[in-house]
Amino acid sequence: MQKQNLAARAGRWSAQHRKKAVFGWLAFVIAALFIGGNLGTKTIPSDEEGLTGDAKRSAEIVKDSFPQTAGEQVLIQSKTAAPTDPAYRAVVKDVEGRLAAQKDVTNLQGPYAKGNEGQISRDGHSSIVTFEIKGDSEKAQDKVDPILAATAAAQKAHPEYNVEQFGDASTGKAVSKMFADDLKKAETLSLPLTLVILLLAFGALVAAGLPLLLGVTSVMATTGLVAAVSQFSPATENLSSVVVLVGLAVGVDYSLFYIRREREERRAGRDPEAALAAAAATSGRAVLVSGFTVMAAMAGMYFTGDNGFASMATGTILVVGVAMIGSLTVLPALLSKLGDRVDKGRIPFLGKRLAARSESRMWSAILDRVLRRPAVSAVIAAGVLVALAIPALGMHTASAGVDSIPKDTPVIKTFNRITAAFPGEKASLNVVVKAKDVTAPEVAAGIKQLEARAAGSKTAVDTTDVDISKDKTVAQVTIPIAGKGTDAPSVDALAKVRDDLVPSTIGKVRGVETVVGGDTAATVDYNTMIKANAPIVFLFVLGLAFMLLLVTFRSLVIPIKAIVLNLLSVGAAYGVLVLVFQQGHGEKLLGFESTGAIEPWLPLFLFVILFGLSMDYHVFILSRVREAFDRGMTTEDAVSHGIRSTASTVTSAAIVMVAVFGVFATLSSVVFKQLGIGLAVAILLDATLVRAILLPATMKLLGDKNWYLPKKLGWLPHIEHEPAVAPAAA
């Protein structure tokens, strides 16, 4: 009797113990949600996320030595009145009174106080009232609502003036709300869109609902698990969106693979039990291999050295694992219970046609031409991908910061009005000096030398500022620099300060720790860390994927070719990102303004995610090809059969992924847009140029060499496939 693989045994057990499988899954999802809901999700503090190296160390010193209060300011602006007018003064006094009445407002500074002349604009129509929110800056967002309400009340009381608030807490609150609204929009659009695509793919409501059900419940369960894990390892704020993206994608994909195979076996004449067993042994096995390959790829993020990446690795591994387990257990249980009723709720005209059709006519026609001229097809497809990848050679990575928020957002409009009325805000470096006493003559002299050298070398484009902690153990030297903070002039200034100015001045003083931080330093240090660790991530992901595919398909050529093809699609996605978001092509269409850079974490994240997700298709298609080859077909016939029989499933899965990822391209934040476009383009290219053209073309050219395995590797386990399907007797 043929030995069954793990997926086949799981499917068989689930079909025989339907209630245990279904109710066990529901209990797991509910328990995970309950535990996660009670614990809550601990997130990485926003002021620590993305920091590494000297930038992180400087932030830690400052956080321990200076009060971390959230600074806010209220802009009072009039088109006609001047701050010297009595009416204008009355408005300012009213604003100050309303703010002073708030219990969490402290250090209130009005424009008319002595020494605050700089809070009145040069154009004579604007002024600002500054204040701080009591307590730790991390909790300021929880206290800012009543203060914002007081500012809004002042605006209502003086409609002829602009009275608007901007600051750390108010901006954080607005951005958090924007992200929450974006995610809600993504979920609202993704689910019905996915259901519509699945309805068109299956032609039946019940069959379409199962993949969506598995995807949604997998995401729900993972949300609870992530909350539990975050108690020990805090999560990044973007993790929930990543879990939704990946969870829906793989949950729907795995269900599609499984259900399509079960329905195919039924059309071939097998009884319901045998059809389900065959689907479990074949597509179930492909899901198992694919799931472990995807999780292996995600694990590569642990080697980046970044806590945010580690958080995303944990979340994506969990959601893929949960979706994989659900596909191998609860899905066969439901299919066993439903039987042919899985085709219930057929769409008129479409349902019967889809039920009778096993191959895609469009892809069959394309495949015929590819297999007739494999060399030409491979050259053209590879040429297109390489051409798209070329712009990636000029990729520039930098954090967008405030620029990632749409210009029409109220808080950004306020920010722009403030900067227009009070120009002169410059990028700056923060040289943090730590010693027993920074006011000691030797240390103070070193700081003075640093300031003088910065001014003399023109590194400082404005007056430097020195701030000393109350215990006199830490000093912050703020050096205004040229550039926007992340461009070449700013990066050059950072290098000058770190490599020359600091070592030759304050760096010579014994017993003093000196580190250079600030936004420019944070971006440079993060990019340096990512570039240093990227080779390790690439080697880990590619190496582990190579080993898994080598064992699965008992071929040395298959995993090498899979890696090359996946790298081509990833490279093309990088190129498109540069064209769109760095060079600005398609800004109006997508509704954003280019920041001239790609988010620093995105390229490596996209590589890991795309490599993992694209392996879904590769494993699924090659499993059918290998299955046919092992049953006696020639390589060319096996390739033709494998591509034709999986084309409609891969197309449906790809359309779902592209649609879900495409939804993120419609959201407000440039970060979400970059993520959505990068994923959607790569999956689209992967499912068309790579899987439908390059894969069959190269397999046809290589012939039986596809299955080359050195004799030294003959000890690898040989995985048997299901016996050929015999049609039902007439």
# chains A, B, ... in the order shown; residues from 1 in each chain; ligands from 1
>>> select_by_dssp(residues="segment 328-504 of chain A", states="strand (DSSP E or B)", output="PyMOL selection string")
chain A and resi 346+397+428-434+465-468+474-480
>>> select_by_dssp(residues="segment 350-481 of chain A", states="alpha helix (DSSP H)", output="MDAnalysis selection string")
chainID A and resid 350:356 361:372 374:389 410:421 441:456
>>> closest_atom_pairs(of="segment 214-300 of chain A", to="segment 649-667 of chain A", cutoff="7 Å", atoms="only C-alpha atoms", output="JSON lines")
{"residue": "A:Leu245", "atom": "CA", "partner": "A:Phe661", "partner_atom": "CA", "distance": 6.9}
{"residue": "A:Ala249", "atom": "CA", "partner": "A:Met657", "partner_atom": "CA", "distance": 5.5}
{"residue": "A:Asp253", "atom": "CA", "partner": "A:Ala653", "partner_atom": "CA", "distance": 5.4}
{"residue": "A:Leu256", "atom": "CA", "partner": "A:Thr649", "partner_atom": "CA", "distance": 6.6}
{"residue": "A:Phe257", "atom": "CA", "partner": "A:Thr649", "partner_atom": "CA", "distance": 6.6}
{"residue": "A:Arg260", "atom": "CA", "partner": "A:Thr649", "partner_atom": "CA", "distance": 7.0}
>>> write_last_selection(atoms="C-alpha atoms", output="PDB file, in the first residue's frame")
ATOM      1  CA  LEU A 245      -1.818  41.613   3.167  1.00  0.00           C
ATOM      2  CA  ALA A 249      -2.932  36.404  -0.045  1.00  0.00           C
ATOM      3  CA  ASP A 253      -4.031  30.992  -2.601  1.00  0.00           C
ATOM      4  CA  LEU A 256      -7.684  27.939  -4.419  1.00  0.00           C
ATOM      5  CA  PHE A 257      -5.012  25.300  -5.013  1.00  0.00           C
ATOM      6  CA  ARG A 260      -9.497  23.575  -7.749  1.00  0.00           C
TER       7      ARG A 260
END
>>> residues_around(residues="Ala281 of chain A", least_positions_apart="2", cutoff="7 Å", atoms="only C-alpha atoms", output="list of chain:residue names")
A:Asn5, A:Ala7, A:Ala8, A:Ala277, A:Ala278, A:Ala279, A:Ser283, A:Gly284, A:Arg285, A:Glu722
>>> atom_distance(atom1="atom CA of Ala207 of chain A", atom2="atom CA of Leu367 of chain A")
27.7 Å
>>> residues_around(residues="Pro234 of chain A", least_positions_apart="5", cutoff="10 Å", atoms="only C-alpha atoms", output="JSON, numbers by chain")
{"A": [41, 42, 43, 44, 45, 226, 227, 228, 229, 307, 308, 310, 311]}
>>> write_last_selection(atoms="N, CA, C and O atoms", output="PDB file, in the first residue's frame")
ATOM      1  N   THR A  41      -1.820  44.820  22.068  1.00  0.00           N
ATOM      2  CA  THR A  41      -0.565  44.700  21.318  1.00  0.00           C
ATOM      3  C   THR A  41       0.418  45.775  21.758  1.00  0.00           C
ATOM      4  O   THR A  41       0.130  46.960  21.679  1.00  0.00           O
ATOM      5  N   LYS A  42       1.575  45.328  22.239  1.00  0.00           N
ATOM      6  CA  LYS A  42       2.636  46.267  22.609  1.00  0.00           C
ATOM      7  C   LYS A  42       3.435  46.618  21.363  1.00  0.00           C
ATOM      8  O   LYS A  42       3.877  45.732  20.630  1.00  0.00           O
ATOM      9  N   THR A  43       3.598  47.907  21.116  1.00  0.00           N
ATOM     10  CA  THR A  43       4.316  48.330  19.914  1.00  0.00           C
ATOM     11  C   THR A  43       5.666  48.952  20.266  1.00  0.00           C
ATOM     12  O   THR A  43       5.862  49.441  21.378  1.00  0.00           O
ATOM     13  N   ILE A  44       6.560  48.917  19.301  1.00  0.00           N
ATOM     14  CA  ILE A  44       7.865  49.550  19.472  1.00  0.00           C
ATOM     15  C   ILE A  44       7.647  51.060  19.561  1.00  0.00           C
ATOM     16  O   ILE A  44       6.953  51.630  18.711  1.00  0.00           O
ATOM     17  N   PRO A  45       8.174  51.734  20.573  1.00  0.00           N
ATOM     18  CA  PRO A  45       7.993  53.196  20.678  1.00  0.00           C
ATOM     19  C   PRO A  45       8.407  53.891  19.380  1.00  0.00           C
ATOM     20  O   PRO A  45       9.430  53.548  18.782  1.00  0.00           O
ATOM     21  N   VAL A 226      -0.225  37.550  17.518  1.00  0.00           N
ATOM     22  CA  VAL A 226       0.748  38.654  17.465  1.00  0.00           C
ATOM     23  C   VAL A 226       0.688  39.473  18.751  1.00  0.00           C
ATOM     24  O   VAL A 226       1.721  39.887  19.291  1.00  0.00           O
ATOM     25  N   ALA A 227      -0.532  39.716  19.241  1.00  0.00           N
ATOM     26  CA  ALA A 227      -0.682  40.471  20.490  1.00  0.00           C
ATOM     27  C   ALA A 227      -0.005  39.746  21.645  1.00  0.00           C
ATOM     28  O   ALA A 227       0.650  40.371  22.492  1.00  0.00           O
ATOM     29  N   ALA A 228      -0.156  38.413  21.676  1.00  0.00           N
ATOM     30  CA  ALA A 228       0.471  37.631  22.745  1.00  0.00           C
ATOM     31  C   ALA A 228       1.995  37.692  22.640  1.00  0.00           C
ATOM     32  O   ALA A 228       2.694  37.906  23.635  1.00  0.00           O
ATOM     33  N   VAL A 229       2.514  37.520  21.429  1.00  0.00           N
ATOM     34  CA  VAL A 229       3.968  37.536  21.233  1.00  0.00           C
ATOM     35  C   VAL A 229       4.544  38.920  21.527  1.00  0.00           C
ATOM     36  O   VAL A 229       5.671  39.049  22.022  1.00  0.00           O
ATOM     37  N   ASN A 307      14.586  45.650  14.871  1.00  0.00           N
ATOM     38  CA  ASN A 307      13.460  45.112  15.636  1.00  0.00           C
ATOM     39  C   ASN A 307      12.159  45.147  14.848  1.00  0.00           C
ATOM     40  O   ASN A 307      11.303  44.272  15.006  1.00  0.00           O
ATOM     41  N   GLY A 308      11.992  46.185  14.016  1.00  0.00           N
ATOM     42  CA  GLY A 308      10.791  46.260  13.194  1.00  0.00           C
ATOM     43  C   GLY A 308      10.709  45.107  12.220  1.00  0.00           C
ATOM     44  O   GLY A 308       9.647  44.502  12.033  1.00  0.00           O
ATOM     45  N   ALA A 310      12.204  42.191  12.590  1.00  0.00           N
ATOM     46  CA  ALA A 310      11.991  40.973  13.382  1.00  0.00           C
ATOM     47  C   ALA A 310      10.514  40.812  13.713  1.00  0.00           C
ATOM     48  O   ALA A 310       9.966  39.697  13.672  1.00  0.00           O
ATOM     49  N   SER A 311       9.853  41.931  14.030  1.00  0.00           N
ATOM     50  CA  SER A 311       8.422  41.907  14.311  1.00  0.00           C
ATOM     51  C   SER A 311       7.623  41.447  13.084  1.00  0.00           C
ATOM     52  O   SER A 311       6.719  40.619  13.187  1.00  0.00           O
TER      53      SER A 311
END
>>> residues_around(residues="Ile479 of chain A", least_positions_apart="5", cutoff="6 Å", atoms="only C-alpha atoms", output="list in words")
Ser428, Leu429, Ala460 and Thr464 of chain A
>>> write_last_selection(atoms="C-alpha atoms", output="mmCIF file, in the first residue's frame")
data_model
loop_
_atom_site.group_PDB
_atom_site.id
_atom_site.type_symbol
_atom_site.label_atom_id
_atom_site.label_comp_id
_atom_site.auth_asym_id
_atom_site.auth_seq_id
_atom_site.Cartn_x
_atom_site.Cartn_y
_atom_site.Cartn_z
ATOM 1 C CA SER A 428 20.438 69.667 11.684
ATOM 2 C CA LEU A 429 22.795 67.239 13.354
ATOM 3 C CA ALA A 460 27.100 74.805 10.066
ATOM 4 C CA THR A 464 24.850 76.352 16.571
#
>>> residues_around(residues="Ala10 of chain A", least_positions_apart="4", cutoff="10 Å", atoms="only C-alpha atoms", output="number ranges by chain")
A: 4-6, 14-16, 277, 280-281, 284, 325, 327-330, 332-333
>>> write_last_selection(atoms="C-alpha atoms", output="PDB file, in the first residue's frame")
ATOM      1  CA  GLN A   4       0.778   8.756   2.231  1.00  0.00           C
ATOM      2  CA  ASN A   5       2.522  12.076   2.706  1.00  0.00           C
ATOM      3  CA  LEU A   6       1.815  14.360   5.679  1.00  0.00           C
ATOM      4  CA  SER A  14      -9.891  15.928   8.861  1.00  0.00           C
ATOM      5  CA  ALA A  15     -12.388  14.301   6.502  1.00  0.00           C
ATOM      6  CA  GLN A  16     -12.961  11.505   9.019  1.00  0.00           C
ATOM      7  CA  ALA A 277      -7.768  12.326  -0.949  1.00  0.00           C
ATOM      8  CA  ALA A 280      -4.832  16.417  -0.207  1.00  0.00           C
ATOM      9  CA  ALA A 281      -1.938  14.291  -1.471  1.00  0.00           C
ATOM     10  CA  GLY A 284      -2.108  19.695  -0.091  1.00  0.00           C
ATOM     11  CA  ILE A 325      -2.553  24.531   8.944  1.00  0.00           C
ATOM     12  CA  SER A 327      -5.730  24.637   4.544  1.00  0.00           C
ATOM     13  CA  LEU A 328      -4.575  21.154   5.549  1.00  0.00           C
ATOM     14  CA  THR A 329      -7.201  20.594   8.261  1.00  0.00           C
ATOM     15  CA  VAL A 330     -10.384  22.665   8.333  1.00  0.00           C
ATOM     16  CA  PRO A 332     -10.670  19.302   3.728  1.00  0.00           C
ATOM     17  CA  ALA A 333     -13.145  18.870   6.594  1.00  0.00           C
TER      18      ALA A 333
END
>>> closest_residue(among="A:Leu205, A:Val384, A:Asp54, A:Ala299", to="Leu494 of chain A", atoms="only C-alpha atoms")
A:Asp54
>>> closest_residue(among="A:Gln583, A:Ser648, A:Gln109, A:Ser121", to="Pro391 of chain A", atoms="only C-alpha atoms")
A:Gln583
>>> residues_around(residues="Ile468 of chain A", least_positions_apart="3", cutoff="9 Å", atoms="only C-alpha atoms", output="MDAnalysis selection string")
chainID A and resid 66 438:439 471:477
>>> decode(residues="segment 5-16 of chain A", atoms="all heavy atoms", output="compact mmCIF listing (two decimals), in the first residue's frame")
# COMPACT_ATOMS: atom_id res chain seq x y z
N ASN A 5 1.74 10.98 2.16
CA ASN A 5 2.52 12.08 2.71
C ASN A 5 1.74 12.76 3.83
O ASN A 5 0.57 12.45 4.08
CB ASN A 5 2.94 13.06 1.61
CG ASN A 5 1.75 13.68 0.90
OD1 ASN A 5 0.80 14.14 1.53
ND2 ASN A 5 1.80 13.68 -0.43
N LEU A 6 2.40 13.70 4.51
CA LEU A 6 1.82 14.36 5.68
C LEU A 6 0.52 15.08 5.33
O LEU A 6 -0.46 15.02 6.08
CB LEU A 6 2.83 15.34 6.27
CG LEU A 6 2.35 16.17 7.47
CD1 LEU A 6 1.99 15.25 8.64
CD2 LEU A 6 3.43 17.16 7.89
N ALA A 7 0.51 15.79 4.18
CA ALA A 7 -0.69 16.52 3.78
C ALA A 7 -1.85 15.58 3.54
O ALA A 7 -3.00 15.87 3.89
CB ALA A 7 -0.39 17.34 2.53
N ALA A 8 -1.56 14.43 2.92
CA ALA A 8 -2.61 13.45 2.64
C ALA A 8 -3.17 12.88 3.94
O ALA A 8 -4.39 12.71 4.09
CB ALA A 8 -2.07 12.33 1.77
N ARG A 9 -2.29 12.59 4.90
CA ARG A 9 -2.75 12.06 6.19
C ARG A 9 -3.58 13.10 6.95
O ARG A 9 -4.59 12.77 7.58
CB ARG A 9 -1.55 11.62 7.04
CG ARG A 9 -0.79 10.45 6.47
CD ARG A 9 0.08 9.77 7.51
NE ARG A 9 1.10 10.66 8.04
CZ ARG A 9 2.29 10.84 7.49
NH1 ARG A 9 2.61 10.20 6.37
NH2 ARG A 9 3.18 11.64 8.04
N ALA A 10 -3.16 14.38 6.87
CA ALA A 10 -3.92 15.45 7.52
C ALA A 10 -5.30 15.59 6.89
O ALA A 10 -6.31 15.74 7.60
CB ALA A 10 -3.16 16.77 7.43
N GLY A 11 -5.37 15.55 5.57
CA GLY A 11 -6.65 15.65 4.88
C GLY A 11 -7.56 14.49 5.20
O GLY A 11 -8.77 14.66 5.40
N ARG A 12 -6.98 13.30 5.26
CA ARG A 12 -7.77 12.09 5.57
C ARG A 12 -8.33 12.16 6.99
O ARG A 12 -9.51 11.88 7.21
CB ARG A 12 -6.87 10.86 5.41
CG ARG A 12 -7.57 9.54 5.70
CD ARG A 12 -6.58 8.40 5.59
NE ARG A 12 -7.18 7.14 5.97
CZ ARG A 12 -6.50 6.00 6.10
NH1 ARG A 12 -5.20 5.99 5.87
NH2 ARG A 12 -7.10 4.89 6.44
N TRP A 13 -7.47 12.58 7.93
CA TRP A 13 -7.95 12.68 9.32
C TRP A 13 -9.07 13.71 9.42
O TRP A 13 -10.08 13.49 10.11
CB TRP A 13 -6.79 13.08 10.24
CG TRP A 13 -7.20 13.18 11.69
CD1 TRP A 13 -7.18 12.20 12.62
CD2 TRP A 13 -7.74 14.35 12.33
NE1 TRP A 13 -7.65 12.66 13.82
CE2 TRP A 13 -8.01 13.98 13.68
CE3 TRP A 13 -8.02 15.64 11.92
CZ2 TRP A 13 -8.54 14.87 14.60
CZ3 TRP A 13 -8.55 16.53 12.84
CH2 TRP A 13 -8.80 16.15 14.16
N SER A 14 -8.90 14.86 8.79
CA SER A 14 -9.89 15.93 8.86
C SER A 14 -11.22 15.50 8.25
O SER A 14 -12.29 15.85 8.78
CB SER A 14 -9.37 17.18 8.14
OG SER A 14 -8.20 17.65 8.76
N ALA A 15 -11.16 14.77 7.15
CA ALA A 15 -12.39 14.30 6.50
C ALA A 15 -13.12 13.29 7.39
O ALA A 15 -14.35 13.23 7.38
CB ALA A 15 -12.06 13.68 5.15
N GLN A 16 -12.35 12.52 8.15
CA GLN A 16 -12.96 11.51 9.02
C GLN A 16 -13.39 12.08 10.37
O GLN A 16 -14.19 11.46 11.08
CB GLN A 16 -11.97 10.36 9.24
CG GLN A 16 -11.68 9.55 7.99
CD GLN A 16 -10.58 8.51 8.21
OE1 GLN A 16 -9.87 8.54 9.22
NE2 GLN A 16 -10.44 7.60 7.26
